[in-house]
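Undergrad: One structure, pasted below without further comment.
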There are 4 protein chains.
Amino acid sequence: MRKPIVGVMGPGEGAIEADRSRAKQLGRSIAERGWIVLTGGRNTGVMDAASRGAKEAGGLTIGVLPSADDRNLSEAVDIAIFTDLGNARNNVNILSSDVVVACGMGLGTASEVALALKTGKPVVLLGVNSATVAFFQQFASRFVVVETANEAIDAIESFLHPSV
Amino acid sequence: MRKPIVGVMGPGEGAIEADRSRAKQLGRSIAERGWIVLTGGRNTGVMDAASRGAKEAGGLTIGVLPSADDRNLSEAVDIAIFTDLGNARNNVNILSSDVVVACGMGLGTASEVALALKTGKPVVLLGVNSATVAFFQQFASRFVVVETANEAIDAIESFLHPSV
Amino acid sequence: MRKPIVGVMGPGEGAIEADRSRAKQLGRSIAERGWIVLTGGRNTGVMDAASRGAKEAGGLTIGVLPSADDRNLSEAVDIAIFTDLGNARNNVNILSSDVVVACGMGLGTASEVALALKTGKPVVLLGVNSATVAFFQQFASRFVVVETANEAIDAIESFLHPSV
Amino acid sequence: MRKPIVGVMGPGEGAIEADRSRAKQLGRSIAERGWIVLTGGRNTGVMDAASRGAKEAGGLTIGVLPSADDRNLSEAVDIAIFTDLGNARNNVNILSSDVVVACGMGLGTASEVALALKTGKPVVLLGVNSATVAFFQQFASRFVVVETANEAIDAIESFLHPSV
């Protein structure tokens, strides 16, 4: 009965334009399907872009922040969960998402993908390079590699509603 | 721009009927004002009653759970945040609430009221006894003691919109 | 085979001289018995005094800090656990202690006593007033109230080695 | 004045014999230098082997556990920190270590290396393959890749006492 929650992870300050652009489109498409976007909640990089995209499409956005207050909160977050856990909040992001999308890659995102795969959450890797794919392939198989936001949506759909 | 989040804390398995009844009415009234209800998310006691009340009035409910999965999740929770933090998640509840209401009292609730007052969050004590009031009065003053859900709503309103 | 760990909790910046004095003597006596002192690790109040007392007697001290680094670390801590959890680290203090002593009372300490009693850890309340005792008595019985560090040591001993 | 703490991370149940063997030797050598070994504390894989090695050499061992109690605690841990944080405890391991050694690789270890590099902690990768090195090289440079426990000790020494 609860709406699916799609976690969109990715670089913060270090995000490149391609990551932010894909994140925004992804956020918009997630919202259009009636799913909820969950991010790390800060006003930068992929998390900010995904939340903004979702708001453009009238969606609901959750931000799970490393901080205790709203100093770096994205304006596009509807529901802010202030954890004061620092990087330990990455695990909360993962556990609270039905599917995890990594839109681009960085060290924080790598920790989230690793914890997601360890926990058994389905993962979509969007716009990552072959070195990243080769690394995670050593340890897990429950992830899909895609290049566009549209392909990511198809992959999320498949994870949420596996056909027989 | 974000909707106010009212945290409703209180006993779980040990809740008495009066606590649950007040929590349900409180949840309903919070939702009627357009505020969001945040609880500990489990399917028992005050947290479950408050979420159920809010859903009866068409409100949005957030549950911040101690567990990693939905085994003990209340059916009345719309957005489940799975923390896997055990009792350490109590601090997340507090930090993510604009006002904290303790509806009844127990050891978990006591830890939340203590952390809320320490953090400077406004607190409403609903239906607690004089020993509880006497205890917290030693350390803090930013709390209000009330007997009914209606009075709690007035107190929340005063904290959210202080008149000059 | 592991040495018993005694958690000494109490006010930080707000500690009064009597709390600090008792904490120092307590730390010394814990170390003399060959037990390990665990505190919140900061360089202030009861935690600092207890660690200093233990070091005077050549004991081992553990500090479990709310921060990510050693900026506010007590010089008397041998082993610093940096949690970056803020107040959520209070639960780690409790879980890692075989017996918890509250030396004085404040909001942070109240949260720790509440979580300790909830978890079933034995608690010694040292130098607290009747309002505090009356509050916790409502919810739990596995605690002892004492006035001196010597009495606290006896109480810890009884919890660690219950006679038949 | 505090003794250096060396975090030894690595696969748990999935550790291969080569990882466990290197971890044991590493634990022994760390203890011989007077440093403290910190691990994830469970009775399996690299963490158990590293702690056992350190105890053979009379060293001090810290275990930072994901659980709330000692059910899966290694016998070779002297000081057990029970976090009840699940995988979020990985960040506590990192922050509490002066140098982090990954002895082998897996998803949990990957999350720890990623968080360590993100936090700026020096990292030694011991016995990992080229895919792992290639992955982390994309994002950070403060790590050393070695093949033997002896080389790991030299690398730790260089990080702890950088020559001018």
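Chain labels follow the order of the structure tokens: the first chain is A, the next B, and so on; residue numbering restarts at 1 in every chain, and ligands are counted from 1 in their shown order.
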Determine, counting only C-alpha atoms, which protein, DNA and RNA residues have an atom within 8 Å of an atom of Ile5 in chain D; residues of the same chain fewer than 5 positions away are not included. Present the result as a PDB file with N, CA and C atoms, in the first residue's frame.
TA:
ATOM      1  N   TRP D  35      51.137  -0.965  18.982  1.00  0.00           N
ATOM      2  CA  TRP D  35      49.918  -0.321  18.508  1.00  0.00           C
ATOM      3  C   TRP D  35      48.704  -1.170  18.897  1.00  0.00           C
ATOM      4  N   ILE D  36      47.544  -0.533  18.873  1.00  0.00           N
ATOM      5  CA  ILE D  36      46.296  -1.214  19.225  1.00  0.00           C
ATOM      6  C   ILE D  36      45.580  -1.656  17.947  1.00  0.00           C
ATOM      7  N   VAL D  37      45.031  -2.869  17.961  1.00  0.00           N
ATOM      8  CA  VAL D  37      44.252  -3.366  16.823  1.00  0.00           C
ATOM      9  C   VAL D  37      42.766  -3.098  17.052  1.00  0.00           C
ATOM     10  N   LEU D  38      42.139  -2.472  16.085  1.00  0.00           N
ATOM     11  CA  LEU D  38      40.689  -2.266  16.128  1.00  0.00           C
ATOM     12  C   LEU D  38      40.055  -3.010  14.959  1.00  0.00           C
ATOM     13  N   SER D  96      37.602   5.882  14.293  1.00  0.00           N
ATOM     14  CA  SER D  96      38.373   5.568  15.497  1.00  0.00           C
ATOM     15  C   SER D  96      39.761   4.991  15.188  1.00  0.00           C
ATOM     16  N   SER D  97      40.065   4.811  13.925  1.00  0.00           N
ATOM     17  CA  SER D  97      41.369   4.259  13.523  1.00  0.00           C
ATOM     18  C   SER D  97      42.281   5.376  13.015  1.00  0.00           C
ATOM     19  N   ASP D  98      43.554   5.303  13.374  1.00  0.00           N
ATOM     20  CA  ASP D  98      44.516   6.269  12.851  1.00  0.00           C
ATOM     21  C   ASP D  98      44.933   5.896  11.433  1.00  0.00           C
ATOM     22  N   VAL D  99      45.003   4.613  11.178  1.00  0.00           N
ATOM     23  CA  VAL D  99      45.253   4.102   9.833  1.00  0.00           C
ATOM     24  C   VAL D  99      44.292   2.931   9.630  1.00  0.00           C
TER      25      VAL D  99
END
Undergrad: Please report, as JSON lines, each residue of chain C lying at most 10 Å from chain B, together with the nearest pair of atoms and the separation in Å rounded to one decimal; use only C-alpha atoms, and order rows by chain and ascending residue number.
TA:
{"residue": "C:Leu85", "atom": "CA", "partner": "B:Ala88", "partner_atom": "CA", "distance": 8.9}
{"residue": "C:Gly86", "atom": "CA", "partner": "B:Asn91", "partner_atom": "CA", "distance": 8.7}
{"residue": "C:Asn87", "atom": "CA", "partner": "B:Asn91", "partner_atom": "CA", "distance": 6.8}
{"residue": "C:Ala88", "atom": "CA", "partner": "B:Ala88", "partner_atom": "CA", "distance": 4.8}
{"residue": "C:Arg89", "atom": "CA", "partner": "B:Ala88", "partner_atom": "CA", "distance": 7.2}
{"residue": "C:Asn90", "atom": "CA", "partner": "B:Ala88", "partner_atom": "CA", "distance": 7.7}
{"residue": "C:Asn91", "atom": "CA", "partner": "B:Ala88", "partner_atom": "CA", "distance": 5.7}
{"residue": "C:Val92", "atom": "CA", "partner": "B:Ala88", "partner_atom": "CA", "distance": 8.1}
{"residue": "C:Met105", "atom": "CA", "partner": "B:Phe139", "partner_atom": "CA", "distance": 8.9}
{"residue": "C:Gly106", "atom": "CA", "partner": "B:Phe139", "partner_atom": "CA", "distance": 6.4}
{"residue": "C:Leu107", "atom": "CA", "partner": "B:Ala114", "partner_atom": "CA", "distance": 4.9}
{"residue": "C:Gly108", "atom": "CA", "partner": "B:Leu115", "partner_atom": "CA", "distance": 6.6}
{"residue": "C:Thr109", "atom": "CA", "partner": "B:Ala114", "partner_atom": "CA", "distance": 8.6}
{"residue": "C:Ala110", "atom": "CA", "partner": "B:Ala114", "partner_atom": "CA", "distance": 6.3}
{"residue": "C:Ser111", "atom": "CA", "partner": "B:Ser111", "partner_atom": "CA", "distance": 4.0}
{"residue": "C:Glu112", "atom": "CA", "partner": "B:Ser111", "partner_atom": "CA", "distance": 7.1}
{"residue": "C:Val113", "atom": "CA", "partner": "B:Ser111", "partner_atom": "CA", "distance": 8.1}
{"residue": "C:Ala114", "atom": "CA", "partner": "B:Leu107", "partner_atom": "CA", "distance": 5.0}
{"residue": "C:Leu115", "atom": "CA", "partner": "B:Ser111", "partner_atom": "CA", "distance": 6.5}
{"residue": "C:Ala116", "atom": "CA", "partner": "B:Leu107", "partner_atom": "CA", "distance": 9.0}
{"residue": "C:Leu117", "atom": "CA", "partner": "B:Leu107", "partner_atom": "CA", "distance": 7.3}
{"residue": "C:Lys118", "atom": "CA", "partner": "B:Leu107", "partner_atom": "CA", "distance": 5.9}
{"residue": "C:Thr119", "atom": "CA", "partner": "B:Asn87", "partner_atom": "CA", "distance": 9.1}
{"residue": "C:Asn129", "atom": "CA", "partner": "B:Phe135", "partner_atom": "CA", "distance": 9.6}
{"residue": "C:Ser130", "atom": "CA", "partner": "B:Phe135", "partner_atom": "CA", "distance": 9.2}
{"residue": "C:Ala131", "atom": "CA", "partner": "B:Phe135", "partner_atom": "CA", "distance": 5.5}
{"residue": "C:Thr132", "atom": "CA", "partner": "B:Phe135", "partner_atom": "CA", "distance": 5.7}
{"residue": "C:Val133", "atom": "CA", "partner": "B:Phe135", "partner_atom": "CA", "distance": 8.9}
{"residue": "C:Ala134", "atom": "CA", "partner": "B:Ala131", "partner_atom": "CA", "distance": 6.4}
{"residue": "C:Phe135", "atom": "CA", "partner": "B:Ala131", "partner_atom": "CA", "distance": 5.5}
{"residue": "C:Phe136", "atom": "CA", "partner": "B:Leu107", "partner_atom": "CA", "distance": 8.2}
{"residue": "C:Gln137", "atom": "CA", "partner": "B:Ala131", "partner_atom": "CA", "distance": 9.8}
{"residue": "C:Gln138", "atom": "CA", "partner": "B:Gly106", "partner_atom": "CA", "distance": 8.4}
{"residue": "C:Phe139", "atom": "CA", "partner": "B:Gly106", "partner_atom": "CA", "distance": 6.4}
{"residue": "C:Ala140", "atom": "CA", "partner": "B:Leu107", "partner_atom": "CA", "distance": 8.4}
Undergrad: If we count only C-alpha atoms and set the cut-off at 9 Å, which residues sit around Arg142 in chain C, ignoring sequence neighbours fewer than 4 positions away in its own chain? Please answer as JSON, numbers by chain.
TA: {"C": [117, 120, 121, 122, 123, 124]}
Undergrad: I'd like the contact shell of Glu56 in chain D - 10 Å cut-off, only C-alpha atoms, skipping same-chain residues fewer than 6 positions apart - returned as a list in words.
TA: Lys24, Gln25, Gly27, Arg28, Ser29, Ala31, Glu32 and Ala76 of chain D
Undergrad: Do you have the CA of Ala68 in chain D-CA of Ala49 in chain B distance handy?
TA: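 We find that CA of Ala68 in chain D and CA of Ala49 in chain B lie 28.3 Å from each other.
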Undergrad: Taking the DSSP secondary structure from the backbone, can you list the residues of chain C that are alpha helix (DSSP H), as a short mmCIF file (atom, residue, chain, number, x, y, z; two decimals) with N, CA, C and O atoms, in the first residue's frame?
TA:
data_model
loop_
_atom_site.label_atom_id
_atom_site.label_comp_id
_atom_site.auth_asym_id
_atom_site.auth_seq_id
_atom_site.Cartn_x
_atom_site.Cartn_y
_atom_site.Cartn_z
N GLU C 17 30.79 20.93 41.40
CA GLU C 17 32.04 20.45 41.99
C GLU C 17 31.84 19.10 42.69
O GLU C 17 32.70 18.21 42.60
N ALA C 18 30.71 18.93 43.36
CA ALA C 18 30.47 17.67 44.07
C ALA C 18 30.41 16.49 43.10
O ALA C 18 30.92 15.40 43.40
N ASP C 19 29.80 16.71 41.93
CA ASP C 19 29.75 15.65 40.91
C ASP C 19 31.16 15.30 40.43
O ASP C 19 31.51 14.12 40.31
N ARG C 20 31.92 16.33 40.12
CA ARG C 20 33.27 16.09 39.60
C ARG C 20 34.16 15.40 40.63
O ARG C 20 34.95 14.51 40.31
N SER C 21 34.01 15.82 41.88
CA SER C 21 34.82 15.24 42.95
C SER C 21 34.48 13.76 43.13
O SER C 21 35.36 12.90 43.25
N ARG C 22 33.19 13.46 43.19
CA ARG C 22 32.77 12.05 43.31
C ARG C 22 33.21 11.24 42.10
O ARG C 22 33.59 10.08 42.22
N ALA C 23 33.12 11.85 40.92
CA ALA C 23 33.50 11.14 39.69
C ALA C 23 34.98 10.79 39.70
O ALA C 23 35.38 9.70 39.29
N LYS C 24 35.79 11.71 40.20
CA LYS C 24 37.23 11.46 40.22
C LYS C 24 37.55 10.32 41.18
O LYS C 24 38.32 9.41 40.84
N GLN C 25 36.93 10.38 42.36
CA GLN C 25 37.18 9.30 43.34
C GLN C 25 36.67 7.96 42.79
O GLN C 25 37.30 6.91 42.94
N LEU C 26 35.51 8.03 42.14
CA LEU C 26 34.93 6.82 41.56
C LEU C 26 35.86 6.24 40.49
O LEU C 26 36.12 5.02 40.47
N GLY C 27 36.36 7.09 39.63
CA GLY C 27 37.28 6.63 38.59
C GLY C 27 38.50 5.94 39.20
O GLY C 27 38.93 4.88 38.72
N ARG C 28 39.02 6.56 40.25
CA ARG C 28 40.19 6.00 40.92
C ARG C 28 39.88 4.61 41.47
O ARG C 28 40.62 3.64 41.26
N SER C 29 38.75 4.51 42.15
CA SER C 29 38.39 3.23 42.79
C SER C 29 38.08 2.15 41.76
O SER C 29 38.37 0.97 41.97
N ILE C 30 37.46 2.54 40.66
CA ILE C 30 37.18 1.56 39.60
C ILE C 30 38.51 1.00 39.07
O ILE C 30 38.67 -0.22 38.91
N ALA C 31 39.45 1.90 38.83
CA ALA C 31 40.75 1.46 38.30
C ALA C 31 41.48 0.57 39.30
O ALA C 31 42.11 -0.42 38.92
N GLU C 32 41.37 0.90 40.57
CA GLU C 32 42.05 0.10 41.60
C GLU C 32 41.53 -1.34 41.64
O GLU C 32 42.25 -2.26 42.01
N GLY C 45 33.56 18.18 32.85
CA GLY C 45 32.57 17.60 33.75
C GLY C 45 32.92 16.23 34.28
O GLY C 45 34.09 15.90 34.50
N VAL C 46 31.88 15.44 34.49
CA VAL C 46 32.02 14.13 35.11
C VAL C 46 32.88 13.19 34.29
O VAL C 46 33.70 12.44 34.81
N MET C 47 32.72 13.23 32.96
CA MET C 47 33.49 12.29 32.13
C MET C 47 34.98 12.54 32.24
O MET C 47 35.78 11.60 32.37
N ASP C 48 35.35 13.80 32.22
CA ASP C 48 36.77 14.14 32.34
C ASP C 48 37.29 13.75 33.73
O ASP C 48 38.37 13.16 33.85
N ALA C 49 36.52 14.07 34.77
CA ALA C 49 36.97 13.79 36.14
C ALA C 49 37.12 12.28 36.38
O ALA C 49 38.09 11.83 37.00
N ALA C 50 36.16 11.51 35.91
CA ALA C 50 36.23 10.06 36.10
C ALA C 50 37.45 9.48 35.40
O ALA C 50 38.16 8.61 35.94
N SER C 51 37.72 9.96 34.19
CA SER C 51 38.88 9.46 33.45
C SER C 51 40.17 9.86 34.15
O SER C 51 41.11 9.06 34.25
N ARG C 52 40.23 11.09 34.65
CA ARG C 52 41.44 11.53 35.35
C ARG C 52 41.67 10.70 36.61
O ARG C 52 42.81 10.31 36.92
N GLY C 53 40.60 10.43 37.34
CA GLY C 53 40.75 9.61 38.54
C GLY C 53 41.30 8.23 38.20
O GLY C 53 42.21 7.72 38.86
N ALA C 54 40.75 7.65 37.14
CA ALA C 54 41.20 6.31 36.75
C ALA C 54 42.67 6.32 36.35
O ALA C 54 43.43 5.40 36.68
N LYS C 55 43.09 7.36 35.66
CA LYS C 55 44.50 7.42 35.24
C LYS C 55 45.43 7.59 36.45
O LYS C 55 46.54 7.06 36.45
N GLU C 56 44.97 8.32 37.47
CA GLU C 56 45.79 8.47 38.68
C GLU C 56 46.09 7.11 39.31
O GLU C 56 47.13 6.92 39.94
N ARG C 89 25.18 8.69 20.30
CA ARG C 89 26.26 7.87 20.86
C ARG C 89 25.94 7.47 22.31
O ARG C 89 26.58 6.56 22.84
N ASN C 90 25.01 8.14 22.94
CA ASN C 90 24.66 7.77 24.32
C ASN C 90 24.28 6.30 24.43
O ASN C 90 24.58 5.64 25.42
N ASN C 91 23.62 5.81 23.39
CA ASN C 91 23.21 4.40 23.42
C ASN C 91 24.42 3.47 23.32
O ASN C 91 24.40 2.37 23.89
N VAL C 92 25.45 3.88 22.62
CA VAL C 92 26.67 3.08 22.53
C VAL C 92 27.35 3.00 23.90
O VAL C 92 27.83 1.94 24.32
N ASN C 93 27.37 4.13 24.60
CA ASN C 93 27.93 4.13 25.97
C ASN C 93 27.27 3.07 26.84
O ASN C 93 27.93 2.32 27.56
N ILE C 94 25.96 3.06 26.78
CA ILE C 94 25.18 2.16 27.63
C ILE C 94 25.43 0.71 27.28
O ILE C 94 25.71 -0.13 28.15
N LEU C 95 25.33 0.42 25.99
CA LEU C 95 25.44 -0.97 25.55
C LEU C 95 26.83 -1.54 25.81
O LEU C 95 26.99 -2.75 25.99
N LEU C 107 20.21 16.37 31.42
CA LEU C 107 19.35 15.83 30.37
C LEU C 107 20.05 14.71 29.59
O LEU C 107 19.43 13.68 29.30
N GLY C 108 21.33 14.90 29.27
CA GLY C 108 22.05 13.84 28.57
C GLY C 108 22.14 12.59 29.44
O GLY C 108 21.90 11.47 28.97
N THR C 109 22.46 12.80 30.71
CA THR C 109 22.55 11.67 31.64
C THR C 109 21.20 10.98 31.79
O THR C 109 21.13 9.74 31.88
N ALA C 110 20.14 11.78 31.84
CA ALA C 110 18.79 11.20 31.95
C ALA C 110 18.50 10.29 30.77
O ALA C 110 17.92 9.20 30.92
N SER C 111 18.92 10.72 29.58
CA SER C 111 18.67 9.87 28.41
C SER C 111 19.44 8.56 28.53
O SER C 111 18.95 7.50 28.13
N GLU C 112 20.63 8.64 29.10
CA GLU C 112 21.45 7.43 29.25
C GLU C 112 20.87 6.48 30.30
O GLU C 112 20.83 5.26 30.11
N VAL C 113 20.43 7.03 31.43
CA VAL C 113 19.83 6.18 32.45
C VAL C 113 18.56 5.52 31.91
O VAL C 113 18.32 4.33 32.11
N ALA C 114 17.76 6.31 31.19
CA ALA C 114 16.53 5.75 30.63
C ALA C 114 16.83 4.61 29.67
O ALA C 114 16.21 3.53 29.74
N LEU C 115 17.79 4.81 28.79
CA LEU C 115 18.13 3.76 27.82
C LEU C 115 18.76 2.55 28.52
O LEU C 115 18.52 1.40 28.14
N ALA C 116 19.57 2.81 29.54
CA ALA C 116 20.19 1.70 30.27
C ALA C 116 19.12 0.85 30.94
O ALA C 116 19.12 -0.39 30.82
N LEU C 117 18.20 1.48 31.63
CA LEU C 117 17.14 0.73 32.32
C LEU C 117 16.26 0.01 31.30
O LEU C 117 15.84 -1.13 31.52
N LYS C 118 15.99 0.66 30.17
CA LYS C 118 15.18 0.03 29.14
C LYS C 118 15.86 -1.23 28.60
O LYS C 118 15.22 -2.24 28.32
N THR C 119 17.17 -1.15 28.45
CA THR C 119 17.96 -2.25 27.90
C THR C 119 18.21 -3.35 28.93
O THR C 119 18.64 -4.45 28.58
N SER C 130 15.79 13.35 45.21
CA SER C 130 14.62 12.47 45.33
C SER C 130 13.68 12.59 44.14
O SER C 130 12.99 11.63 43.79
N ALA C 131 13.66 13.75 43.49
CA ALA C 131 12.80 13.89 42.31
C ALA C 131 13.27 12.95 41.20
O ALA C 131 12.46 12.36 40.47
N THR C 132 14.57 12.81 41.09
CA THR C 132 15.13 11.92 40.07
C THR C 132 14.81 10.46 40.40
O THR C 132 14.38 9.68 39.53
N VAL C 133 14.97 10.10 41.66
CA VAL C 133 14.67 8.73 42.07
C VAL C 133 13.19 8.43 41.85
O VAL C 133 12.83 7.37 41.31
N ALA C 134 12.35 9.38 42.25
CA ALA C 134 10.91 9.18 42.11
C ALA C 134 10.52 8.99 40.65
O ALA C 134 9.62 8.20 40.32
N PHE C 135 11.19 9.72 39.76
CA PHE C 135 10.87 9.60 38.34
C PHE C 135 11.18 8.20 37.82
O PHE C 135 10.32 7.53 37.24
N PHE C 136 12.42 7.75 38.04
CA PHE C 136 12.80 6.47 37.45
C PHE C 136 12.12 5.28 38.13
O PHE C 136 11.89 4.25 37.50
N GLN C 137 11.77 5.43 39.41
CA GLN C 137 11.09 4.35 40.12
C GLN C 137 9.75 3.97 39.48
O GLN C 137 9.24 2.88 39.70
N ALA C 149 31.08 7.66 46.55
CA ALA C 149 31.79 6.84 45.57
C ALA C 149 32.04 5.44 46.13
O ALA C 149 31.94 4.44 45.41
N ASN C 150 32.32 5.37 47.43
CA ASN C 150 32.54 4.05 48.04
C ASN C 150 31.29 3.18 47.96
O ASN C 150 31.37 1.99 47.65
N GLU C 151 30.14 3.78 48.26
CA GLU C 151 28.89 3.02 48.14
C GLU C 151 28.63 2.60 46.70
O GLU C 151 28.09 1.52 46.43
N ALA C 152 29.01 3.48 45.77
CA ALA C 152 28.82 3.14 44.36
C ALA C 152 29.67 1.92 43.99
O ALA C 152 29.19 1.03 43.27
N ILE C 153 30.90 1.88 44.51
CA ILE C 153 31.76 0.74 44.23
C ILE C 153 31.14 -0.55 44.77
O ILE C 153 31.14 -1.60 44.08
N ASP C 154 30.60 -0.49 45.98
CA ASP C 154 29.94 -1.67 46.53
C ASP C 154 28.77 -2.11 45.64
O ASP C 154 28.56 -3.31 45.41
N ALA C 155 28.02 -1.14 45.18
CA ALA C 155 26.86 -1.46 44.34
C ALA C 155 27.31 -2.09 43.01
O ALA C 155 26.71 -3.06 42.53
N ILE C 156 28.35 -1.52 42.43
CA ILE C 156 28.88 -2.08 41.17
C ILE C 156 29.33 -3.53 41.41
O ILE C 156 29.02 -4.43 40.63
N GLU C 157 30.05 -3.71 42.50
CA GLU C 157 30.53 -5.05 42.87
C GLU C 157 29.36 -6.05 42.95
O GLU C 157 29.44 -7.18 42.45
N SER C 158 28.29 -5.62 43.60
CA SER C 158 27.12 -6.51 43.75
C SER C 158 26.50 -6.85 42.40
O SER C 158 26.04 -7.97 42.18
N PHE C 159 26.48 -5.87 41.50
CA PHE C 159 25.92 -6.14 40.18
C PHE C 159 26.84 -7.08 39.38
O PHE C 159 26.37 -7.97 38.68
N LEU C 160 28.15 -6.85 39.48
CA LEU C 160 29.10 -7.66 38.70
C LEU C 160 29.20 -9.09 39.24
O LEU C 160 29.37 -10.04 38.47
#
Undergrad: Excluding same-chain residues fewer than 2 positions from Cys103 in chain C, what lies within 7 Å of it counting only C-alpha atoms, as a list in words?
TA: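 Listing them by chain and then by number gives Val8, Met9, Gly10, Asp19, Ala23, Val101, Met105, Leu125, Leu126 and Gly127 of chain C.
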Undergrad: Based on the selection just made, write N, CA and C atoms of those residues as a PDB file, in the first residue's frame.
TA:
ATOM      1  N   VAL C   8      30.710   5.546  33.377  1.00  0.00           N
ATOM      2  CA  VAL C   8      30.451   6.648  34.308  1.00  0.00           C
ATOM      3  C   VAL C   8      29.901   7.822  33.507  1.00  0.00           C
ATOM      4  N   MET C   9      28.624   8.100  33.728  1.00  0.00           N
ATOM      5  CA  MET C   9      27.924   9.149  33.008  1.00  0.00           C
ATOM      6  C   MET C   9      27.667  10.299  33.978  1.00  0.00           C
ATOM      7  N   GLY C  10      27.358  11.448  33.460  1.00  0.00           N
ATOM      8  CA  GLY C  10      27.046  12.581  34.313  1.00  0.00           C
ATOM      9  C   GLY C  10      27.147  13.862  33.522  1.00  0.00           C
ATOM     10  N   ASP C  19      29.804  16.708  41.929  1.00  0.00           N
ATOM     11  CA  ASP C  19      29.747  15.646  40.913  1.00  0.00           C
ATOM     12  C   ASP C  19      31.156  15.297  40.428  1.00  0.00           C
ATOM     13  N   ALA C  23      33.124  11.855  40.917  1.00  0.00           N
ATOM     14  CA  ALA C  23      33.499  11.141  39.688  1.00  0.00           C
ATOM     15  C   ALA C  23      34.983  10.791  39.699  1.00  0.00           C
ATOM     16  N   VAL C 101      26.953   3.935  35.898  1.00  0.00           N
ATOM     17  CA  VAL C 101      26.825   4.823  37.052  1.00  0.00           C
ATOM     18  C   VAL C 101      26.488   6.221  36.552  1.00  0.00           C
ATOM     19  N   MET C 105      23.138  14.391  37.637  1.00  0.00           N
ATOM     20  CA  MET C 105      22.041  14.208  36.671  1.00  0.00           C
ATOM     21  C   MET C 105      21.895  15.451  35.805  1.00  0.00           C
ATOM     22  N   LEU C 125      22.721   5.121  40.750  1.00  0.00           N
ATOM     23  CA  LEU C 125      22.501   6.568  40.769  1.00  0.00           C
ATOM     24  C   LEU C 125      23.263   7.138  41.956  1.00  0.00           C
ATOM     25  N   LEU C 126      24.244   7.969  41.664  1.00  0.00           N
ATOM     26  CA  LEU C 126      25.151   8.484  42.699  1.00  0.00           C
ATOM     27  C   LEU C 126      24.936   9.988  42.864  1.00  0.00           C
ATOM     28  N   GLY C 127      24.467  10.369  44.056  1.00  0.00           N
ATOM     29  CA  GLY C 127      24.329  11.795  44.344  1.00  0.00           C
ATOM     30  C   GLY C 127      23.208  12.475  43.591  1.00  0.00           C
TER      31      GLY C 127
END
Undergrad: Can you list every residue in range 6-66 of chain A that DSSP puts in strand (DSSP E or B), as a list in words?
TA: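 Matching residues for strand (DSSP E or B) in range 6-66 of chain A are Val6, Gly7, Val8, Met9, Ile36, Val37, Leu38, Thr39, Arg42, Thr61, Ile62, Gly63, Val64 and Leu65 of chain A.
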